[in-house]
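Participant: Before we start, here is the structure in question, set down as structure tokens.
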Amino acid sequence: MDVRERVATALACAAVDRGLSGVLLFDLDPALAAPLGAWLAALLPDSAGSTVLSAEALDDDLWVTVRPAAGAVGGFRPAPGPLYAAGRAPAVLVAPDLSRLGLAPSRAAITTLTADVAHLERDGQQAVWAPADRWVAGCPKHLVSRVSRHLLDRFALRIDGAALVPTPGQSDILGDVPVPWRQAVHSVHAGGPLPPLSAAAADCVVTVLPSAAAGTRRDLSLARTARALALLAGEGATSPHHVDRAASLLGLRSPSRPRQPVSPGVPTPDSISAPGGEAAHGASWPTARVPHQVQAGDGAAELPAHDVPQVPEGPYPEDSLADEREASPLRPPAFRPRDKTLRGHPVGTATTTTTRDLSLTATAQEAAKYQTLRCPGHHADGSHPLHLTAADLRVHRRATESSGLLVLVLDHTSRRELDWYPALSPYLSWAYTSRARVAVVEVGALDAPSELAASVFLSRSLLDRRVVQALNRPAGRATPLAHGLQLAGLLLRHETQHGGAVVDEAVLLVFTDGRANVPLEASRSLNTPAGVGDRGVRDAIEQAERIARLKRVRSVVLHPGPRAYAHLLTELAESLDGELLRADRAATDAG
Amino acid sequence: MTSRHEGLEFPVLPFSRLVGQGELKRVLEIAYVMPSIGGVLASGERGTAKSTTVRSFAQMMYGTLPVTLPINATDDRILGGWQIDALLRGEPKEMKGLLEEADQGVLYVDEVNLLDDHVVNIILDVVSTGLLVVQRDGLDHAGTPVSFTLVGTMNPEEGGLRPQLLDRFGLMVPVETELDTAVRRDILLTVLRFEEERRRAESSWLREGAAEDREHRSRIDAARSAAHDVLLSPRMAELCAQIAIDFEVSGHRGEIVMAQAARAVAALDGRFEVNARDVRAAAPYAVMHRRPEAAYGDAIGWELKDDELLDQIVNEVAAGERTYGRP
């Protein structure tokens, strides 16, 4: 089964069962997301079509709003957004890149995908319905760790879409829907029976997935996929045979498939086996073969834009990746009307009592609702202006963005018994009082996914529990300082130079004794190096020199006290073009 | 565009057909039997049927899905406002807010930890005063009494709750993934069968489930009627207080809720006096989210050492070896 058949089969399964309504295609070319959504919409009977969701769509855009409408009484009418599904046939919602999906659509996906019921309670409108819309989403696999796991969990069907490429001149990627599939989908939507899951098939499902798998959703996803495959094949019951096929479709190791060798050093859950593009184990697929219209890729993975540890194979990579997402990504950011900068992008609107930073559209929309109430003859005169009161005023609700950034590189292996809080506290205080964002790069943590690699996360402020957790983490053995500095450098470059960068002042604080013992190549490959020599130190110095070229970055190297390798620290600080401070004196020097 | 419960003849599994989640089911029953407990927070991993269990319970006890506050609800729908479509036609028609709709019933908040801060403030205002004040959008309702049982579900991976809101949930129950293979298998077979059965015009399986729910509801209603006659002896009250002290529970709500929950446990068991086992059964749910570490947003849970400490307190107080206060 090639990638095109695999994707087509997954979409057909989604069409069969609303319990499989989330389809996530790893490494999908974003340009293909919309055509795939349209393909699925065409398979759904009486579908309401497909809609590509804007990554930055707001709640009003997604759910329901009041829009000007010619001929409507009062000139306005409530208009449903793409997520308002009460009273309409199922539609397909397309999110080309889940890692870039904004707050409102992410929260919408959480509350509707796979839910028993969906609720709308907005702007004088109320509705409850059983969600049946399907979602087709793409996500670069190396960015999965930045997506909320809660959100990822909503996507039952996960397929590797990297090799899916359009054939030049062909607009239709997956070709025509096979007639038996269309008949099966129509039958089930008309109320026809689903092939019951046999007890033996249920036994097979719980054998394929390890007990530690998150929740029962994965069990249910596999079972529903098996049932959908049985239906598409025109069979009357769901047997272990279909579970085996479903496991193969999803890239899971079924009981009859051998465990695949994995790269040394890469943690792999029991559930994971073959790459998504591997052929199904001995299965004669229940589907009609779709004619070849695309060229399968050669499977060679494109290197990500920045170095990250190797991404595990299988449908649930988030299980094995360090969590890099922002803390609480699904929570709306705190709104501080007194914030002087107002530099954050609008993420919604809120009531206000001043005219500063008004959202004119939201204000006019709010006023529009009350025109007849405020002026009974209002709509008799077409040129009649809006009656506006202070209660209508709406201000942009903006994501708070600080102009400060503190990047902490914590070399746990250098800390030993030292209490590093006094040395770090001036910098932490600065980060707190200036509401600076805080990035933490951890080097040599005992519980790191790989001792050969550093890890990084960026938080909105110091008040993120992960910062305290990082500061209290015990030390491991290896010191991948070069990798840590590389991660810090990439982050600093992004935050100070890219796009709408708002960082005016960045402080890089490196706490280390300078004794790097993991070459950068070992951090990239996760293979234990033989004969390190001074390669770890050389690589760290090279990364430090790159950081020194960045503007608006002040670097400080803190060291734990007298050591035999003082020259390493001196060289590191000089390479960073920064200061070198002893931890026990830093509290007084830093002020 | 206003519609209710569209196409939801069987929105959720009958309560009696649910597999697993015994703790959450029991705690929901306790909170129903003694409404003054003030609600339930279920916190647990993804895909553990928290929402389904809550909805199924409300369906059984109230005959309808719970009044649900979605995380993106607007203020007018929470507090009360106007019907927008009527308003645009020039007809001012008021629309009750969710807090008023939930009066004398359940207000359910799925993903409660994702609520906007100002919505949390609104809820806290109403829950603490028992009064709904609406003075906005041309409405002026100064103080409608409302009382509801707040039920929330959340996934702690997405952040915690503010301590003030946490404290408003009388009981908290951690929900964990079912690891037992036999239970997972039963869940699978039950959920998929439900999906198949509800497609049938007539399903004896669902009908039997609904009948079992009605019987179960009668038992719980009977316990609710009897709960206020359940006696809490001074020694059992002392035990509640001692547990709260030893677990360093902030404020007094912990021991009050514990005592009420213990009375509900006794009532559900058909007895008219609280014993130490009732207090032991209720205590973890009343104290776990009121301990000091909960205020720091750490993962809230209940461990073996907590069980050991609780057993020790219960045994000592029940045997008369300790009197009220620290040892």
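In the structure tokens, each chain is lettered A, B, ... as it comes, each chain's residues begin at 1, and ligands are numbered from 1 in order of appearance.
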Hey, list the chain B side of the contact with chain A: 7 Å cut-off, only C-alpha atoms, answer as a PyMOL selection string.
Facilitator: chain B and resi 1-8+11-12+45-48+70+73-74+76-77+81-85+87-90+92+114+116+158-159+177+179+181+184-185+188-189+196+199
Participant: Which neighbours of Gly170 in chain B fall inside 12 Å, counting only C-alpha atoms, when residues of the same chain fewer than 3 positions from it are skipped, and could you give them as JSON, numbers by chain?
Facilitator: {"B": [27, 28, 30, 31, 32, 34, 35, 36, 37, 38, 39, 40, 41, 42, 127, 149, 150, 151, 152, 164, 165, 166, 167, 173, 252, 253, 254, 255, 256, 257, 258, 259, 260, 261, 282, 283, 284, 285, 286, 287, 288, 289, 290]}
Participant: Would you mind reading off the distance between CA of Val243 in chain A and CA of Ala230 in chain A, one decimal, in Å?
Facilitator: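 Computing the Euclidean distance for CA of Val243 in chain A and CA of Ala230 in chain A yields 9.2 Å.
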Participant: Please give the complete set of residues from range 96-226 of chain B that DSSP, run on the backbone, assigns to alpha helix (DSSP H), formatted as number ranges by chain.
Facilitator: B: 98-101, 117-129, 163-168, 181-197, 204-226
Participant: Figure out the distance between CA of Arg198 in chain B and CA of Ala237 in chain A, please, to one decimal in Å.
Facilitator: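 Between CA of Ala237 in chain A and CA of Arg198 in chain B the gap is 17.3 Å.
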Participant: Where in range 95-241 of chain A does DSSP assign strand (DSSP E), given as a count of residues only?
Facilitator: 21
Participant: Compare A:Val165, A:Val92, A:Val503, A:Ala431 by their minimum atom-to-atom distance to Asp29 in chain A, counting only C-alpha atoms, and give me the closest one.
Facilitator: A:Val165
Participant: Can you tell me which residues surround range 535-551 of chain A at a distance of at most 9 Å, considering only C-alpha atoms, apart from same-chain residues fewer than 5 positions away, and format the answer as a VMD selection string?
Facilitator: chain A and resid 479 to 486 488 to 490 492 to 493 496 to 497 514 to 520 568 571 to 578
Participant: Can you work out which one of B:Arg136, B:Arg26, B:Lys96, B:Arg271 has the shortest atom-to-atom distance to Val67 in chain B, counting only C-alpha atoms?
Facilitator: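 With only C-alpha atoms as the atom set, the closest residue is B:Lys96.
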Participant: With distances taken over only C-alpha atoms, which of A:Leu408, A:Ala42, A:Leu487, A:Leu526 is nearest to Ala506 in chain A?
Facilitator: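 With only C-alpha atoms as the atom set, the closest residue is A:Leu408.
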Participant: Can you pull out every residue within 6 Å of Leu558 in chain A, counting only C-alpha atoms, but drop anything in the same chain fewer than 3 positions away, and send it as JSON, numbers by chain?
Facilitator: {"A": [510, 511, 581, 582, 583]}
Participant: Find the spatial neighbours of Ala445 in chain A, counting only C-alpha atoms, within a cut-off of 9 Å - ignore same-chain residues fewer than 4 positions away - and output them as a PDB file with N, CA and C atoms, in the first residue's frame.
Facilitator:
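Okay, around.pdb is ready:
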```pdb
ATOM      1  N   LEU A 410      21.538  25.947  31.843  1.00  0.00           N
ATOM      2  CA  LEU A 410      21.858  25.322  33.125  1.00  0.00           C
ATOM      3  C   LEU A 410      22.618  24.019  32.891  1.00  0.00           C
ATOM      4  N   ASP A 411      23.876  24.044  33.222  1.00  0.00           N
ATOM      5  CA  ASP A 411      24.686  22.821  33.124  1.00  0.00           C
ATOM      6  C   ASP A 411      24.586  22.113  34.481  1.00  0.00           C
ATOM      7  N   HIS A 412      23.687  21.152  34.547  1.00  0.00           N
ATOM      8  CA  HIS A 412      23.437  20.483  35.828  1.00  0.00           C
ATOM      9  C   HIS A 412      24.679  19.767  36.357  1.00  0.00           C
ATOM     10  N   THR A 413      25.518  19.310  35.436  1.00  0.00           N
ATOM     11  CA  THR A 413      26.670  18.518  35.882  1.00  0.00           C
ATOM     12  C   THR A 413      27.725  19.380  36.569  1.00  0.00           C
ATOM     13  N   GLU A 451      20.792  11.510  27.395  1.00  0.00           N
ATOM     14  CA  GLU A 451      21.836  12.248  28.115  1.00  0.00           C
ATOM     15  C   GLU A 451      22.779  12.959  27.157  1.00  0.00           C
ATOM     16  N   ALA A 454      20.799  18.269  24.839  1.00  0.00           N
ATOM     17  CA  ALA A 454      20.219  19.265  25.736  1.00  0.00           C
ATOM     18  C   ALA A 454      18.750  19.447  25.353  1.00  0.00           C
ATOM     19  N   ALA A 470      13.162  22.854  36.467  1.00  0.00           N
ATOM     20  CA  ALA A 470      14.471  22.766  35.813  1.00  0.00           C
ATOM     21  C   ALA A 470      15.585  23.121  36.795  1.00  0.00           C
ATOM     22  N   ARG A 473      16.430  20.177  39.105  1.00  0.00           N
ATOM     23  CA  ARG A 473      16.650  18.871  38.494  1.00  0.00           C
ATOM     24  C   ARG A 473      18.022  18.306  38.905  1.00  0.00           C
ATOM     25  N   PRO A 474      18.092  17.027  39.240  1.00  0.00           N
ATOM     26  CA  PRO A 474      19.406  16.445  39.566  1.00  0.00           C
ATOM     27  C   PRO A 474      20.273  16.257  38.314  1.00  0.00           C
ATOM     28  N   ALA A 475      21.567  16.139  38.562  1.00  0.00           N
ATOM     29  CA  ALA A 475      22.521  16.068  37.455  1.00  0.00           C
ATOM     30  C   ALA A 475      22.685  14.653  36.943  1.00  0.00           C
ATOM     31  N   GLY A 476      22.929  14.553  35.632  1.00  0.00           N
ATOM     32  CA  GLY A 476      23.275  13.276  35.037  1.00  0.00           C
ATOM     33  C   GLY A 476      24.786  13.167  34.907  1.00  0.00           C
ATOM     34  N   ARG A 477      25.240  12.473  33.873  1.00  0.00           N
ATOM     35  CA  ARG A 477      26.684  12.278  33.729  1.00  0.00           C
ATOM     36  C   ARG A 477      27.264  13.071  32.569  1.00  0.00           C
ATOM     37  N   ALA A 478      26.607  13.041  31.424  1.00  0.00           N
ATOM     38  CA  ALA A 478      27.169  13.692  30.234  1.00  0.00           C
ATOM     39  C   ALA A 478      26.882  15.196  30.254  1.00  0.00           C
ATOM     40  N   THR A 479      27.722  15.962  29.548  1.00  0.00           N
ATOM     41  CA  THR A 479      27.567  17.416  29.501  1.00  0.00           C
ATOM     42  C   THR A 479      27.506  17.892  28.044  1.00  0.00           C
TER      43      THR A 479
END
```
Participant: As a CSV table (one decimal) with C-alpha atoms, in the first residue's frame, please: the residues near range 119-125 of chain B (cut-off 10 Å, only C-alpha atoms, same-chain neighbours under 4 positions excluded).
Facilitator:
```csv
chain,number,residue,atom,x,y,z
B,71,ILE,CA,-14.9,27.6,27.6
B,72,ASN,CA,-15.6,30.2,24.9
B,73,ALA,CA,-18.9,31.3,26.3
B,74,THR,CA,-19.5,35.0,26.2
B,75,ASP,CA,-20.5,37.0,29.2
B,78,ILE,CA,-23.2,33.3,31.3
B,79,LEU,CA,-24.9,36.1,33.1
B,99,LEU,CA,-25.8,30.4,35.8
B,112,VAL,CA,-12.5,24.0,33.4
B,113,ASN,CA,-8.8,24.9,33.7
B,114,LEU,CA,-9.0,26.5,30.3
B,115,LEU,CA,-11.6,29.1,31.3
B,129,THR,CA,-22.7,35.2,47.2
B,130,GLY,CA,-25.5,32.9,45.9
B,131,LEU,CA,-26.8,35.9,44.0
B,132,LEU,CA,-26.7,36.6,40.3
B,133,VAL,CA,-26.5,40.3,39.6
B,150,LEU,CA,-20.6,23.1,40.0
B,161,LEU,CA,-6.9,26.0,38.7
B,162,ARG,CA,-6.7,29.1,40.8
B,164,GLN,CA,-10.1,30.2,44.9
B,165,LEU,CA,-11.9,28.2,42.3
B,168,ARG,CA,-15.2,26.0,45.5
```
Participant: Tell me, in Å to one decimal, how far CA of Asp110 in chain B is from CA of Met154 in chain B.
Facilitator: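 Between CA of Asp110 in chain B and CA of Met154 in chain B the gap is 6.6 Å.
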